[in-house]
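**Student:** If you scroll down you'll find the structure; I have some questions about it.
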Amino acid sequence: MSRNFHHSPKIETKNLKFYIDISNKKSFIPGSTILNSVVNGNLNLYNSPSYTKDSLIFNGTNQAAYGTHNILDLNKCTINLWIKFYPTTLNTPSYIPFWVSDNNGKMIFLYTAPNLNYVILSTENKNINKKVFFNANFNTNEWYNLSIIRNGNNFILYQNLNQDIFQETNEGYIGIWNIYDQSLSLGCGLFQGSPRSYCPIEIAKFYIYDIDYSNSDITKFYNVYKSKFNIS
């Protein structure tokens with residue numbers, strides 16, 4: 001099933017559990033300190049990220065959006081987002097564009113940077129620490145559509161429809177944190193109850209579905225917006 005949200009083209013709404021769309025006035029009003037999910041829930045905005053009509057720009061220093069949601073289980077899910085990476089002067093950049101945990105404290109977060117030739121997708125809690133490595137390259141100042149598909153221990157990453165094969169390791173984990181149930185952050189990681197590892201990024205749209213969508217579904221997500229983000 002697909003339908004129109006105000007200011008949004010048709011998107012798939014079946015199994016949609018969280019949906020941020022900066023171009024949608026139901027999601028964001030300029031000057032607001034609240035970033036609403038069109039479907040349910042909201043995030044708090046901190047230190048006034050820059051705004052365009054379609055996106056929020058996080059400076060990588062102190063700006064973030066984080067809060068809670070009502071997603072119970074991330075064991076089977078699809079996370080889709082439109083993102084642009086900006087350069088950083090940090091010698092060891094820590095890029096965590098989003099961080100999300102479910103009702104059991106299990107989390108999924110992305111770790112990457114334009115000067116890295118890989119993406120680490122961490123799925124872990126205090127007792128289970130896993131990293132999934134994908135080969136991927138990002139250029140700064142370019143839009144990308146990322147889709148992360150999870151079904152138990154199986155993962156697929158799509159970068160502008162390019163599918164990547166993963167390698168998994170149990171060696172350690174990134175960061176130190178308590179377990180925070182049903183939390184979500186954009187523009188940073190959530191560590192010890194407050195944002196850490198800020199990253200200079202621009203985010204336009206962010207979706208979470210509680211189903212592992214197919215290649216054809218991911219293609220539909222991509223084709224809806226690719227021209228809008230100047231991708232041929």
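Every chain in the structure tokens takes a letter, A first, then B, and so on in the order presented; its residues are numbered from 1, and the ligands are numbered from 1 following the presented order.
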What's the 6 Å shell around stretch 203-213 of chain A, counting only C-alpha atoms, without same-chain residues fewer than 2 positions away, as a list of chain:residue names?
**Tutor:**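 The residues that qualify are A:Asn15, A:Leu16, A:Lys17, A:Phe18, A:Tyr19, A:Ile20, A:Asp21, A:Ile22, A:Asp54, A:Ser55, A:Leu56, A:Lys76, A:Cys77, A:Thr78, A:Ile79, A:Asn80, A:Leu81, A:Trp82, A:Ile83, A:Ile149, A:Asp217.
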**Student:** For A:Ser214, work out the shell of residues within 12 Å, counting only C-alpha atoms and skipping chain neighbours fewer than 4 positions away, then give it as a PyMOL selection string.
**Tutor:** chain A and resi 77-78+147-151+156-158+161+163+218-221
**Student:** Could you check the closest approach to A:Tyr51 for each of A:Gly67, A:Gly189, A:Pro30, A:Pro195 and tell me which residue wins, using only C-alpha atoms?
**Tutor:** A:Pro30
**Student:** Pick out the closest residue to A:Tyr180 from this set: A:Thr140, A:Asn104, A:Ser23, A:Gln63. Count only C-alpha atoms.
**Tutor:**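 Comparing A:Thr140, A:Asn104, A:Ser23, A:Gln63 against A:Tyr180, the winner is A:Asn104.
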**Student:** Quick one: everything within 10 Å of A:Gln159, counting only C-alpha atoms, minus sequence neighbours fewer than 4 positions away in the same chain. Send it as number ranges by chain.
**Tutor:** A: 136-138, 144-148, 163-164, 222
**Student:** Name the residues in contact with A:Cys199 at a cut-off of 10 Å, using only C-alpha atoms, excluding same-chain residues fewer than 3 positions from it; report them as a list in words.
**Tutor:**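 Counting only C-alpha atoms, the residues come to Phe58, Asn59, Gly60, Thr61, Asn62, Gln63, Ala64, Phe85, Tyr86, Pro87, Thr88, Pro93, Ser94, Tyr95, Ile96, Pro97, Phe98, Thr112, Ala113, Leu186, Gly187, Cys188, Gly189, Arg196 and Glu202 of chain A.
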**Student:** Dump C-alpha atoms for the selected residues as a PDB file, in the first residue's frame?
**Tutor:**
```pdb
ATOM      1  CA  PHE A  58      23.958  19.107  11.490  1.00  0.00           C
ATOM      2  CA  ASN A  59      27.253  20.888  12.108  1.00  0.00           C
ATOM      3  CA  GLY A  60      29.170  17.944  13.590  1.00  0.00           C
ATOM      4  CA  THR A  61      29.938  19.907  16.768  1.00  0.00           C
ATOM      5  CA  ASN A  62      26.886  20.129  18.999  1.00  0.00           C
ATOM      6  CA  GLN A  63      23.736  19.720  16.890  1.00  0.00           C
ATOM      7  CA  ALA A  64      21.511  16.654  17.057  1.00  0.00           C
ATOM      8  CA  PHE A  85      28.184  13.858   4.244  1.00  0.00           C
ATOM      9  CA  TYR A  86      30.213  17.001   4.870  1.00  0.00           C
ATOM     10  CA  PRO A  87      33.974  17.286   5.377  1.00  0.00           C
ATOM     11  CA  THR A  88      35.437  17.453   8.864  1.00  0.00           C
ATOM     12  CA  PRO A  93      36.312  11.496  12.388  1.00  0.00           C
ATOM     13  CA  SER A  94      33.543   9.581  14.082  1.00  0.00           C
ATOM     14  CA  TYR A  95      30.527   9.500  11.835  1.00  0.00           C
ATOM     15  CA  ILE A  96      27.380   8.048  13.359  1.00  0.00           C
ATOM     16  CA  PRO A  97      24.566   9.606  11.326  1.00  0.00           C
ATOM     17  CA  PHE A  98      21.895   7.683  13.204  1.00  0.00           C
ATOM     18  CA  THR A 112      31.312   5.595   8.428  1.00  0.00           C
ATOM     19  CA  ALA A 113      33.021   8.683   7.030  1.00  0.00           C
ATOM     20  CA  LEU A 186      20.099  11.737  14.150  1.00  0.00           C
ATOM     21  CA  GLY A 187      23.364  13.563  13.593  1.00  0.00           C
ATOM     22  CA  CYS A 188      25.075  11.778  16.456  1.00  0.00           C
ATOM     23  CA  GLY A 189      25.363   8.620  18.487  1.00  0.00           C
ATOM     24  CA  ARG A 196      28.213  11.831  21.407  1.00  0.00           C
ATOM     25  CA  GLU A 202      22.557  16.641   6.017  1.00  0.00           C
TER      26      GLU A 202
END
```
**Student:** Take atom CA of A:Val39 and atom CA of A:Leu74 and report the distance between them in Å, one decimal.
**Tutor:**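 Atom CA of A:Leu74 lies 17.0 Å from atom CA of A:Val39.
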**Student:** To one decimal place, how far is atom CA of A:Asn230 from atom CA of A:Pro114 in Å?
**Tutor:**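 Atom-to-atom, atom CA of A:Asn230 and atom CA of A:Pro114 are spaced 19.2 Å apart.
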**Student:** By how many Å are atom CA of A:Gln167 and atom CA of A:Ser122 apart?
**Tutor:** 11.8 Å
**Student:** Residues near A:Asn36, anyone? I mean within 9 Å using only C-alpha atoms, not counting same-chain ones fewer than 2 positions away, as a short mmCIF file (atom, residue, chain, number, x, y, z; two decimals) with C-alpha atoms, in the first residue's frame.
**Tutor:**
```cif
data_model
loop_
_atom_site.label_atom_id
_atom_site.label_comp_id
_atom_site.auth_asym_id
_atom_site.auth_seq_id
_atom_site.Cartn_x
_atom_site.Cartn_y
_atom_site.Cartn_z
CA TYR A 19 9.04 8.57 9.25
CA ILE A 20 10.90 11.88 9.32
CA ASP A 21 10.47 14.12 6.28
CA LYS A 26 3.69 17.63 9.75
CA SER A 27 7.25 16.58 10.42
CA PHE A 28 9.12 19.89 10.72
CA ILE A 34 10.60 19.33 17.82
CA VAL A 38 4.69 11.71 10.45
CA VAL A 39 3.59 8.28 11.63
CA ASN A 40 4.27 8.41 15.38
CA GLY A 41 6.67 9.81 17.94
CA ASN A 42 8.97 12.80 17.89
CA LEU A 43 12.56 13.86 18.50
CA ASN A 44 13.95 16.93 20.24
#
```
**Student:** Could you check the closest approach to A:Asn70 for each of A:Leu110, A:Leu190, A:Val100, A:Leu45 and tell me which residue wins, using only C-alpha atoms?
**Tutor:**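 So, comparing all the options, the nearest one is A:Val100.
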**Student:** For A:Ser216, which residue among A:Glu12, A:Leu35, A:Glu142, A:Lys106 is the nearest when counting only C-alpha atoms?
**Tutor:** A:Glu12
